[in-house]
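Asks: Next comes input-v3.txt, compact mmCIF, C-alpha atoms and all ligand atoms:
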# COMPACT_ATOMS: atom_id res chain seq x y z
CA MET A 580 0.00 0.00 0.00
CA PRO A 581 1.11 3.62 -0.37
CA LEU A 582 2.93 5.27 2.51
CA VAL A 583 0.74 6.58 5.32
CA THR A 584 1.34 9.44 7.71
CA SER A 585 2.26 8.76 11.33
CA GLN A 586 -0.65 10.73 12.77
CA ALA A 587 -3.51 8.21 12.85
CA ILE A 588 -1.17 5.37 13.75
CA LEU A 589 0.27 7.14 16.77
CA LYS A 590 -3.17 8.25 17.91
CA ALA A 591 -4.36 4.65 17.74
CA ALA A 592 -1.24 3.56 19.62
CA VAL A 593 -1.89 5.99 22.48
CA GLU A 594 -5.50 4.85 22.71
CA GLY A 595 -4.60 1.17 22.49
CA ARG A 596 -1.62 1.46 24.86
CA PHE A 597 0.89 0.05 22.43
CA ALA A 598 3.88 1.63 20.68
CA VAL A 599 4.80 1.68 17.02
CA GLY A 600 8.39 0.66 16.37
CA ALA A 601 10.36 3.32 14.49
CA PHE A 602 13.31 1.50 13.01
CA ASN A 603 16.30 3.23 11.42
CA ALA A 604 17.44 1.97 8.04
CA ASN A 605 20.63 2.74 6.14
CA ASN A 606 20.57 0.20 3.34
CA MET A 607 18.37 -2.13 1.32
CA GLU A 608 18.78 -5.15 3.59
CA GLN A 609 17.69 -3.16 6.64
CA VAL A 610 14.65 -1.74 4.83
CA GLN A 611 13.59 -5.21 3.70
CA ALA A 612 14.18 -6.75 7.13
CA ILE A 613 12.02 -4.12 8.86
CA VAL A 614 9.14 -4.29 6.41
CA ASP A 615 9.18 -8.09 6.22
CA ALA A 616 9.01 -8.39 10.01
CA ALA A 617 6.14 -5.88 10.18
CA VAL A 618 4.20 -7.73 7.46
CA GLU A 619 4.66 -11.09 9.18
CA GLU A 620 3.65 -9.60 12.53
CA ARG A 621 0.69 -7.64 11.08
CA ALA A 622 2.07 -4.48 12.66
CA PRO A 623 2.10 -0.84 11.53
CA VAL A 624 5.68 0.31 11.21
CA ILE A 625 7.74 3.49 10.90
CA LEU A 626 10.88 3.37 8.81
CA GLN A 627 13.08 6.26 9.67
CA VAL A 628 16.00 7.74 7.85
CA SER A 629 18.52 9.91 9.66
CA GLN A 630 20.55 12.72 8.14
CA GLY A 631 23.54 10.35 8.25
CA ALA A 632 21.59 7.73 6.29
CA ILE A 633 20.64 10.41 3.75
CA LEU A 634 24.30 11.35 3.34
CA TYR A 635 25.17 7.67 2.89
CA ALA A 636 22.39 6.55 0.54
CA GLY A 637 21.21 9.83 -1.02
CA LEU A 638 17.83 11.38 -0.24
CA GLU A 639 15.93 10.21 -3.32
CA PHE A 640 17.43 6.74 -3.18
CA ALA A 641 16.64 6.27 0.52
CA ALA A 642 13.07 7.47 -0.02
CA ALA A 643 12.63 5.26 -3.09
CA MET A 644 13.75 2.14 -1.19
CA VAL A 645 11.19 2.70 1.55
CA LYS A 646 8.38 3.61 -0.86
CA SER A 647 9.09 0.52 -2.90
CA ALA A 648 9.09 -1.78 0.16
CA ALA A 649 5.87 -0.13 1.40
CA ALA A 650 4.14 -0.59 -1.96
CA GLU A 651 4.52 -4.35 -1.65
CA ALA A 652 3.45 -4.44 2.02
CA ASN A 653 -0.11 -4.92 3.24
CA VAL A 654 0.51 -3.10 6.53
CA PRO A 655 0.80 0.67 7.03
CA VAL A 656 4.35 1.96 6.52
CA VAL A 657 5.48 5.50 7.40
CA LEU A 658 8.61 7.16 5.99
CA HIS A 659 9.97 9.44 8.70
CA LEU A 660 12.88 11.90 8.87
CA ASP A 661 14.83 11.18 12.07
CA HIS A 662 16.54 14.12 13.81
CA GLY A 663 16.23 16.71 11.07
CA THR A 664 18.29 19.56 12.47
CA ASP A 665 17.24 22.36 10.17
CA PHE A 666 14.22 23.76 8.39
CA GLU A 667 15.71 23.17 4.92
CA GLN A 668 16.30 19.46 5.53
CA ASN A 669 12.65 19.09 6.52
CA VAL A 670 11.55 20.87 3.34
CA ARG A 671 13.74 18.64 1.18
CA CYS A 672 12.28 15.53 2.82
CA LEU A 673 8.74 16.78 2.44
CA ARG A 674 9.42 17.29 -1.25
CA ALA A 675 10.91 13.78 -1.52
CA GLY A 676 7.66 12.26 -0.21
CA PHE A 677 8.38 11.68 3.48
CA THR A 678 5.12 11.15 5.37
CA SER A 679 6.40 12.20 8.79
CA LEU A 680 9.04 14.76 9.76
CA MET A 681 11.14 15.62 12.77
CA PHE A 682 12.71 18.90 13.66
CA ASP A 683 15.21 18.34 16.44
CA GLY A 684 15.94 21.68 18.07
CA SER A 685 16.97 20.10 21.36
CA LYS A 686 20.42 21.71 21.23
CA LEU A 687 18.92 25.15 20.74
CA PRO A 688 17.75 27.65 23.34
CA PHE A 689 14.02 27.19 24.12
CA GLU A 690 12.78 30.20 22.14
CA GLU A 691 14.77 29.24 19.05
CA ASN A 692 13.52 25.66 19.27
CA VAL A 693 9.93 26.98 19.48
CA ALA A 694 10.46 29.33 16.52
CA ILE A 695 11.94 26.81 14.07
CA THR A 696 9.67 23.96 15.16
CA SER A 697 6.67 26.23 14.53
CA GLN A 698 7.94 27.08 11.04
CA VAL A 699 8.39 23.40 10.18
CA VAL A 700 4.95 22.55 11.58
CA ASP A 701 3.24 25.33 9.60
CA PHE A 702 4.91 24.25 6.39
CA ALA A 703 4.36 20.50 6.85
CA HIS A 704 0.73 20.88 7.90
CA MET A 705 -0.04 22.65 4.62
CA CYS A 706 0.68 19.27 3.01
CA GLY A 707 -1.00 17.15 5.69
CA ILE A 708 2.29 15.87 7.08
CA PRO A 709 2.81 15.57 10.87
CA VAL A 710 5.90 16.76 12.73
CA GLU A 711 7.76 15.33 15.73
CA ALA A 712 9.71 17.79 17.87
CA GLU A 713 12.11 17.36 20.80
CA LEU A 714 12.29 19.16 24.09
CA GLY A 715 14.92 18.35 26.68
CA ARG A 716 17.78 16.43 25.14
CA VAL A 717 18.51 12.74 24.63
CA LEU A 718 22.31 12.73 24.80
CA GLN A 719 24.80 10.57 22.88
CA SER A 720 26.70 7.82 24.68
CA THR A 721 29.78 8.80 22.66
CA ASP A 722 29.87 12.08 24.60
CA SER A 723 30.75 10.08 27.79
CA VAL A 724 27.76 11.33 29.72
CA SER A 725 27.33 11.16 33.47
CA GLU A 726 24.07 10.40 35.28
CA GLU A 727 23.94 14.03 36.26
CA ASP A 728 24.23 15.12 32.61
CA VAL A 729 21.31 12.87 31.70
CA ARG A 730 19.20 14.22 34.57
CA ASN A 731 19.98 17.83 33.70
CA ALA A 732 18.96 17.25 30.08
CA MET A 733 15.54 15.80 30.94
CA THR A 734 12.29 17.33 29.68
CA ASN A 735 10.69 19.88 31.98
CA PRO A 736 6.93 19.12 32.24
CA ASP A 737 5.81 22.78 32.42
CA GLN A 738 7.97 23.76 29.48
CA ALA A 739 6.63 20.74 27.56
CA LEU A 740 3.09 22.08 27.82
CA GLU A 741 4.13 25.54 26.65
CA PHE A 742 6.23 24.03 23.84
CA VAL A 743 3.43 21.86 22.49
CA GLN A 744 0.88 24.67 22.70
CA ARG A 745 3.11 27.20 20.96
CA THR A 746 4.49 24.93 18.22
CA GLY A 747 1.49 22.73 17.38
CA CYS A 748 3.82 19.73 16.99
CA ASP A 749 2.08 16.38 16.47
CA SER A 750 4.32 14.25 18.69
CA LEU A 751 6.97 15.04 21.27
CA ALA A 752 10.32 13.34 21.85
CA VAL A 753 10.86 13.38 25.60
CA ALA A 754 14.15 13.05 27.47
CA ILE A 755 13.39 10.73 30.40
CA GLY A 756 16.66 8.90 31.03
CA SER A 757 17.67 7.21 27.79
CA VAL A 758 20.93 7.92 25.98
CA HIS A 759 21.51 7.39 22.26
CA ALA A 760 23.71 4.62 20.87
CA MET A 761 24.23 2.47 23.96
CA GLN A 762 25.09 -1.12 23.10
CA ALA A 763 23.67 -2.67 26.30
CA ALA A 764 20.14 -2.25 27.66
CA ALA A 765 21.13 -0.86 31.05
CA ALA A 766 19.17 2.35 31.57
CA GLU A 767 15.97 2.75 33.59
CA LEU A 768 13.56 5.44 32.44
CA ASP A 769 12.33 8.07 34.87
CA ILE A 770 8.69 7.00 34.83
CA GLU A 771 7.71 9.59 37.45
CA ARG A 772 8.96 12.33 35.15
CA LEU A 773 7.07 10.78 32.23
CA LYS A 774 3.89 10.75 34.33
CA ALA A 775 4.47 14.40 35.26
CA ILE A 776 4.85 15.33 31.57
CA ARG A 777 1.69 13.34 30.77
CA ALA A 778 -0.22 15.16 33.47
CA LYS A 779 0.57 18.45 31.69
CA VAL A 780 0.46 17.28 28.05
CA ALA A 781 -2.48 14.96 27.69
CA ASP A 782 -3.12 14.72 23.98
CA VAL A 783 0.19 14.39 22.20
CA PRO A 784 1.91 11.02 21.57
CA PHE A 785 5.37 10.81 23.14
CA VAL A 786 8.45 9.42 21.42
CA LEU A 787 11.22 7.48 23.12
CA HIS A 788 14.67 7.97 21.58
CA GLY A 789 17.76 5.95 22.46
CA SER A 790 15.82 2.76 23.14
CA SER A 791 18.71 0.38 22.50
CA GLY A 792 20.13 1.30 25.89
CA VAL A 793 16.87 0.97 27.84
CA LYS A 794 15.77 -2.03 29.89
CA GLU A 795 12.80 -3.71 28.24
CA GLU A 796 10.59 -3.59 31.38
CA SER A 797 11.13 0.14 31.46
CA GLU A 798 10.12 0.53 27.79
CA VAL A 799 6.94 -1.46 28.40
CA GLU A 800 6.06 0.66 31.43
CA ALA A 801 6.62 3.87 29.45
CA ILE A 802 4.05 2.74 26.88
CA GLN A 803 1.40 2.89 29.62
CA TYR A 804 2.06 6.64 30.04
CA GLY A 805 1.82 7.89 26.48
CA VAL A 806 4.97 6.69 24.72
CA ALA A 807 3.56 5.66 21.34
CA LYS A 808 6.66 5.64 19.10
CA ILE A 809 9.89 3.93 20.08
CA ASN A 810 13.03 4.58 18.04
CA VAL A 811 15.39 1.66 17.54
CA ALA A 812 18.70 2.01 15.71
CA THR A 813 21.86 0.83 17.44
CA MET A 814 20.67 -2.67 18.24
CA LEU A 815 19.77 -3.19 14.57
CA ASN A 816 23.25 -2.13 13.54
CA VAL A 817 24.77 -4.45 16.14
CA ALA A 818 22.69 -7.39 14.88
CA PHE A 819 23.54 -6.58 11.25
CA THR A 820 27.28 -6.29 11.84
CA GLU A 821 27.63 -9.24 14.18
CA ALA A 822 25.86 -11.48 11.67
CA LEU A 823 28.07 -10.17 8.89
CA ARG A 824 31.25 -10.84 10.90
CA LYS A 825 30.09 -14.37 11.65
CA ALA A 826 29.13 -15.03 8.01
CA ILE A 827 32.55 -13.88 6.81
CA ALA A 828 34.26 -16.05 9.45
CA ASP A 829 32.10 -19.06 8.51
CA GLN A 830 32.64 -18.61 4.76
CA PRO A 831 36.15 -17.18 4.45
CA THR A 832 36.34 -17.75 0.69
CA GLN A 833 32.87 -16.41 -0.16
CA VAL A 834 32.92 -13.39 -2.50
CA ASP A 835 29.20 -13.13 -3.29
CA PRO A 836 27.91 -10.37 -0.99
CA ARG A 837 24.37 -11.74 -1.16
CA LYS A 838 25.47 -14.94 0.56
CA LEU A 839 26.90 -12.89 3.42
CA LEU A 840 24.34 -10.10 3.68
CA VAL A 841 21.40 -12.48 3.77
CA HIS A 842 22.49 -13.40 7.30
CA SER A 843 22.55 -9.75 8.33
CA ARG A 844 19.08 -9.23 6.90
CA ASP A 845 17.71 -12.23 8.79
CA ALA A 846 19.34 -11.09 12.04
CA VAL A 847 17.86 -7.59 11.78
CA LYS A 848 14.44 -9.04 10.97
CA GLU A 849 14.43 -11.11 14.16
CA VAL A 850 15.36 -8.11 16.33
CA VAL A 851 12.57 -6.08 14.71
CA ARG A 852 10.09 -8.92 15.27
CA HIS A 853 11.09 -9.13 18.94
CA LYS A 854 10.64 -5.39 19.45
CA ILE A 855 7.30 -5.30 17.60
CA ARG A 856 6.01 -8.01 19.95
CA LEU A 857 7.44 -6.27 23.01
CA PHE A 858 5.79 -2.96 22.05
CA GLY A 859 2.38 -4.62 21.62
CA SER A 860 2.05 -3.65 17.97
CA SER A 861 2.02 -7.22 16.70
CA GLY A 862 -1.43 -8.11 15.36
CA GLN A 863 -2.71 -4.52 15.36
CA VAL A 864 -3.41 -4.75 11.63
CA THR A 865 -6.40 -7.05 11.34
CA ALA A 866 -8.06 -8.57 8.28
CA SER A 867 -10.39 -5.58 8.16
CA GLY A 868 -7.43 -3.22 8.15
CA PHE A 869 -5.77 -0.95 10.67
CA VAL A 870 -7.68 1.67 12.65
CA SER A 871 -8.22 3.75 9.48
CA PRO A 872 -4.66 4.97 8.84
CA LYS A 873 -4.87 8.04 6.65
CA THR A 874 -2.95 7.84 3.42
CA VAL A 875 -1.02 10.90 2.38
CA HIS A 876 -2.93 13.78 0.95
CA ARG A 877 -0.60 15.95 -1.07
CA THR A 878 -3.21 18.53 -2.03
CA ALA A 879 -3.46 21.10 0.71
CA ASN A 880 -6.72 23.04 0.70
CA LEU A 881 -5.32 26.49 0.08
CA GLY A 882 -8.40 28.08 -1.42
CA GLY A 883 -10.90 27.81 -4.24
CA ALA A 884 -10.03 27.41 -7.93
CA GLU A 885 -10.77 31.06 -8.61
CA GLU A 886 -8.18 32.32 -6.10
O1 LIG B 901 16.62 8.42 16.63
C1 LIG B 901 17.02 7.25 16.76
C2 LIG B 901 17.05 6.64 18.04
O2 LIG B 901 16.76 7.45 19.07
C3 LIG B 901 17.68 5.34 18.24
O3 LIG B 901 18.42 5.22 19.42
O4 LIG B 901 20.42 4.05 18.55
O5 LIG B 901 19.92 4.11 20.96
O6 LIG B 901 18.51 2.75 19.45
P1 LIG B 901 19.37 3.97 19.61
ZN ZN B 902 17.09 9.61 18.43
Go through the file and emit its structure as structure tokens.
Ligand code: G3H
Ligand code: ZN
Replies:
Amino acid sequence: MPLVTSQAILKAAVEGRFAVGAFNANNMEQVQAIVDAAVEERAPVILQVSQGAILYAGLEFAAAMVKSAAAEANVPVVLHLDHGTDFEQNVRCLRAGFTSLMFDGSKLPFEENVAITSQVVDFAHMCGIPVEAELGRVLQSTDSVSEEDVRNAMTNPDQALEFVQRTGCDSLAVAIGSVHAMQAAAAELDIERLKAIRAKVADVPFVLHGSSGVKEESEVEAIQYGVAKINVATMLNVAFTEALRKAIADQPTQVDPRKLLVHSRDAVKEVVRHKIRLFGSSGQVTASGFVSPKTVHRTANLGGAEE
């Protein structure tokens, strides 16, 4: 089916107390693994492309891979920009057919984050495309962060309410104790903080970044308090690369990349399947279809024909 936007899917996830997996893809094997797992699990899925992935694969090529995989799938697939750090990147992705955007202004002062997020939201909404924004900051494990750093970067509940009201963003990435790019699931989320944010911001789906480093029980608990999109990247890369290393070691004379990469694709697919089941999104697409996911409308209603 054609790509769908993330809006209806995330709304249904909040109501149904499950989360949609948002899996990062950098190459064809990862795209196929993610979509195949979602189809087999009857789950809606978000495929997200980071700015790094765009640099690696090229914007049009990355978008074309996801569109092509979605066209063959009978579950809703969203193409999402992950951590877009400027207005222009969001515009380019909108033009390339992305059905969900993110402006990440988490490194900016509050007012600047509000201003640029609002611009992106205004622009994207003209085309019916939803926008994720970030307040507070999910740090990078490569920056050797301390517990205090993580705590200081967490989302402030009062500011979250003001931010959502002023920007009109459709979903909010919250900093509640996770750190990007951890290779072991060791972090506990601050569920009390999440509840406090929920008490202020009732209607917007929350997004968990940096999930590879979070304990699974903690992820499941967070889903009960409004986390409806969970981003998964590092653990897919770990599975891909470990399988590739093993395949090369097992077949030292093999020169056909397909015979090596097929193992990476299978390994990624199994991690995606596991996460889809953990998040409760397995089986959410029934024979009668998913809770009416809206397909993309590219014609904004900007006035009558005579104008
Ligand atoms: O935006 C992507 C993510 O937040 C993924 O985080 O690499 O720790 O799984 P991760
Ligand atoms: Zn992230």
Asks: How would you report the residues lying within 7 Å of ligand ZN 902 (chain B), as a list in words, if you count all atoms listed in the file?
Replies: Asp661, His662, His759, His788, Gly789 and Asn810 of chain A
Asks: Next, the residues of the selection above should be written as a PDB file, in the frame of the given file with C-alpha atoms.
Replies:
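Listing of out.pdb after writing:
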ATOM      1  CA  ASP A 661      14.830  11.180  12.070  1.00  0.00           C
ATOM      2  CA  HIS A 662      16.540  14.120  13.810  1.00  0.00           C
ATOM      3  CA  HIS A 759      21.510   7.390  22.260  1.00  0.00           C
ATOM      4  CA  HIS A 788      14.670   7.970  21.580  1.00  0.00           C
ATOM      5  CA  GLY A 789      17.760   5.950  22.460  1.00  0.00           C
ATOM      6  CA  ASN A 810      13.030   4.580  18.040  1.00  0.00           C
TER       7      ASN A 810
END
Asks: Find the residues near ligand LIG 901 (chain B). Use a cut-off of 9 Å, count only C-alpha atoms and all ligand atoms, and write them as a PyMOL selection string.
Replies: chain A and resi 601-603+627-629+661-662+717+719-720+757-762+786-793+809-816
Asks: What is the distance between CA of Asp845 (chain A) and CA of Glu619 (chain A), in Å to one decimal?
Replies: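 So the two atoms, CA of Asp845 (chain A) and CA of Glu619 (chain A), lie 13.1 Å apart.
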Asks: Using all atoms listed in the file, which of A:Ala650, A:Ala775, A:Leu714, A:Ile802 sits nearest Thr734 (chain A)?
Replies: A:Leu714
Asks: Taking all atoms listed in the file into account, name the residue in A:Ser679, A:Val841, A:Ala616, A:Leu658 that is nearest to Met644 (chain A).
Replies: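 Using all atoms listed in the file, Met644 (chain A) sits closest to A:Leu658.
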Asks: As JSON, what would the box around region 818-830 of chain A look like: edges along x, y and z, 6 Å added on every side, centre and edge lengths in Å to one decimal?
Replies:
{"center_x": 28.5, "center_y": -12.7, "center_z": 9.8, "size_x": 23.6, "size_y": 24.8, "size_z": 22.1}
Asks: In Å to one decimal, how far is CA of Val799 (chain A) from CA of Pro655 (chain A)?
Replies: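 Result for CA of Pro655 (chain A) versus CA of Val799 (chain A): 22.3 Å, one decimal.
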Asks: Dump all heavy atoms of region 779-791 of chain A from the given block, as an mmCIF file, in the first residue's frame.
Replies:
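Generated output (selection30.cif):
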data_model
loop_
_atom_site.group_PDB
_atom_site.id
_atom_site.type_symbol
_atom_site.label_atom_id
_atom_site.label_comp_id
_atom_site.auth_asym_id
_atom_site.auth_seq_id
_atom_site.Cartn_x
_atom_site.Cartn_y
_atom_site.Cartn_z
ATOM 1 N N LYS A 779 0.652 17.103 32.296
ATOM 2 C CA LYS A 779 0.569 18.447 31.686
ATOM 3 C C LYS A 779 0.140 18.371 30.222
ATOM 4 O O LYS A 779 -0.603 19.207 29.740
ATOM 5 C CB LYS A 779 1.948 19.134 31.731
ATOM 6 C CG LYS A 779 2.472 19.378 33.127
ATOM 7 C CD LYS A 779 1.844 20.616 33.708
ATOM 8 C CE LYS A 779 2.336 20.853 35.124
ATOM 9 N NZ LYS A 779 1.691 22.004 35.740
ATOM 10 N N VAL A 780 0.709 17.388 29.504
ATOM 11 C CA VAL A 780 0.461 17.281 28.054
ATOM 12 C C VAL A 780 -0.338 16.006 27.814
ATOM 13 O O VAL A 780 0.226 14.921 27.725
ATOM 14 C CB VAL A 780 1.797 17.211 27.276
ATOM 15 C CG1 VAL A 780 1.560 17.147 25.776
ATOM 16 C CG2 VAL A 780 2.692 18.389 27.621
ATOM 17 N N ALA A 781 -1.640 16.162 27.698
ATOM 18 C CA ALA A 781 -2.483 14.959 27.695
ATOM 19 C C ALA A 781 -2.675 14.352 26.307
ATOM 20 O O ALA A 781 -2.841 13.147 26.177
ATOM 21 C CB ALA A 781 -3.832 15.289 28.307
ATOM 22 N N ASP A 782 -2.614 15.202 25.270
ATOM 23 C CA ASP A 782 -3.120 14.724 23.978
ATOM 24 C C ASP A 782 -2.067 14.362 22.932
ATOM 25 O O ASP A 782 -2.418 13.942 21.848
ATOM 26 C CB ASP A 782 -4.006 15.821 23.350
ATOM 27 C CG ASP A 782 -5.190 16.122 24.244
ATOM 28 O OD1 ASP A 782 -5.627 15.191 24.942
ATOM 29 O OD2 ASP A 782 -5.629 17.290 24.257
ATOM 30 N N VAL A 783 -0.826 14.570 23.237
ATOM 31 C CA VAL A 783 0.194 14.386 22.199
ATOM 32 C C VAL A 783 0.952 13.072 22.436
ATOM 33 O O VAL A 783 1.379 12.805 23.560
ATOM 34 C CB VAL A 783 1.169 15.597 22.243
ATOM 35 C CG1 VAL A 783 2.361 15.387 21.343
ATOM 36 C CG2 VAL A 783 0.423 16.861 21.828
ATOM 37 N N PRO A 784 1.124 12.251 21.394
ATOM 38 C CA PRO A 784 1.909 11.019 21.568
ATOM 39 C C PRO A 784 3.371 11.350 21.883
ATOM 40 O O PRO A 784 3.947 12.272 21.296
ATOM 41 C CB PRO A 784 1.813 10.328 20.196
ATOM 42 C CG PRO A 784 0.715 11.015 19.463
ATOM 43 C CD PRO A 784 0.588 12.388 20.027
ATOM 44 N N PHE A 785 3.960 10.607 22.796
ATOM 45 C CA PHE A 785 5.368 10.811 23.141
ATOM 46 C C PHE A 785 6.249 9.815 22.377
ATOM 47 O O PHE A 785 5.818 8.707 22.038
ATOM 48 C CB PHE A 785 5.592 10.617 24.639
ATOM 49 C CG PHE A 785 4.884 11.641 25.487
ATOM 50 C CD1 PHE A 785 4.387 11.300 26.740
ATOM 51 C CD2 PHE A 785 4.710 12.956 25.049
ATOM 52 C CE1 PHE A 785 3.717 12.239 27.526
ATOM 53 C CE2 PHE A 785 4.059 13.905 25.820
ATOM 54 C CZ PHE A 785 3.557 13.541 27.066
ATOM 55 N N VAL A 786 7.493 10.243 22.163
ATOM 56 C CA VAL A 786 8.448 9.423 21.420
ATOM 57 C C VAL A 786 9.643 9.130 22.327
ATOM 58 O O VAL A 786 10.169 10.044 22.971
ATOM 59 C CB VAL A 786 8.920 10.165 20.145
ATOM 60 C CG1 VAL A 786 9.910 9.302 19.364
ATOM 61 C CG2 VAL A 786 7.731 10.565 19.282
ATOM 62 N N LEU A 787 10.037 7.863 22.347
ATOM 63 C CA LEU A 787 11.225 7.482 23.116
ATOM 64 C C LEU A 787 12.401 7.316 22.158
ATOM 65 O O LEU A 787 12.360 6.468 21.258
ATOM 66 C CB LEU A 787 10.980 6.165 23.866
ATOM 67 C CG LEU A 787 12.190 5.613 24.630
ATOM 68 C CD1 LEU A 787 12.569 6.532 25.790
ATOM 69 C CD2 LEU A 787 11.921 4.205 25.148
ATOM 70 N N HIS A 788 13.425 8.115 22.356
ATOM 71 C CA HIS A 788 14.672 7.974 21.580
ATOM 72 C C HIS A 788 15.677 7.182 22.416
ATOM 73 O O HIS A 788 15.564 7.107 23.636
ATOM 74 C CB HIS A 788 15.256 9.352 21.262
ATOM 75 C CG HIS A 788 14.556 10.037 20.128
ATOM 76 N ND1 HIS A 788 15.149 10.246 18.908
ATOM 77 C CD2 HIS A 788 13.306 10.535 20.032
ATOM 78 C CE1 HIS A 788 14.291 10.857 18.108
ATOM 79 N NE2 HIS A 788 13.168 11.050 18.767
ATOM 80 N N GLY A 789 16.685 6.632 21.736
ATOM 81 C CA GLY A 789 17.758 5.950 22.460
ATOM 82 C C GLY A 789 17.305 4.660 23.123
ATOM 83 O O GLY A 789 17.797 4.282 24.188
ATOM 84 N N SER A 790 16.404 3.936 22.468
ATOM 85 C CA SER A 790 15.818 2.765 23.144
ATOM 86 C C SER A 790 16.769 1.577 23.255
ATOM 87 O O SER A 790 16.557 0.709 24.101
ATOM 88 C CB SER A 790 14.542 2.318 22.427
ATOM 89 O OG SER A 790 14.871 1.532 21.305
ATOM 90 N N SER A 791 17.802 1.541 22.430
ATOM 91 C CA SER A 791 18.705 0.378 22.498
ATOM 92 C C SER A 791 19.353 0.234 23.869
ATOM 93 O O SER A 791 19.720 -0.864 24.266
ATOM 94 C CB SER A 791 19.799 0.489 21.427
ATOM 95 O OG SER A 791 19.220 0.413 20.153
#
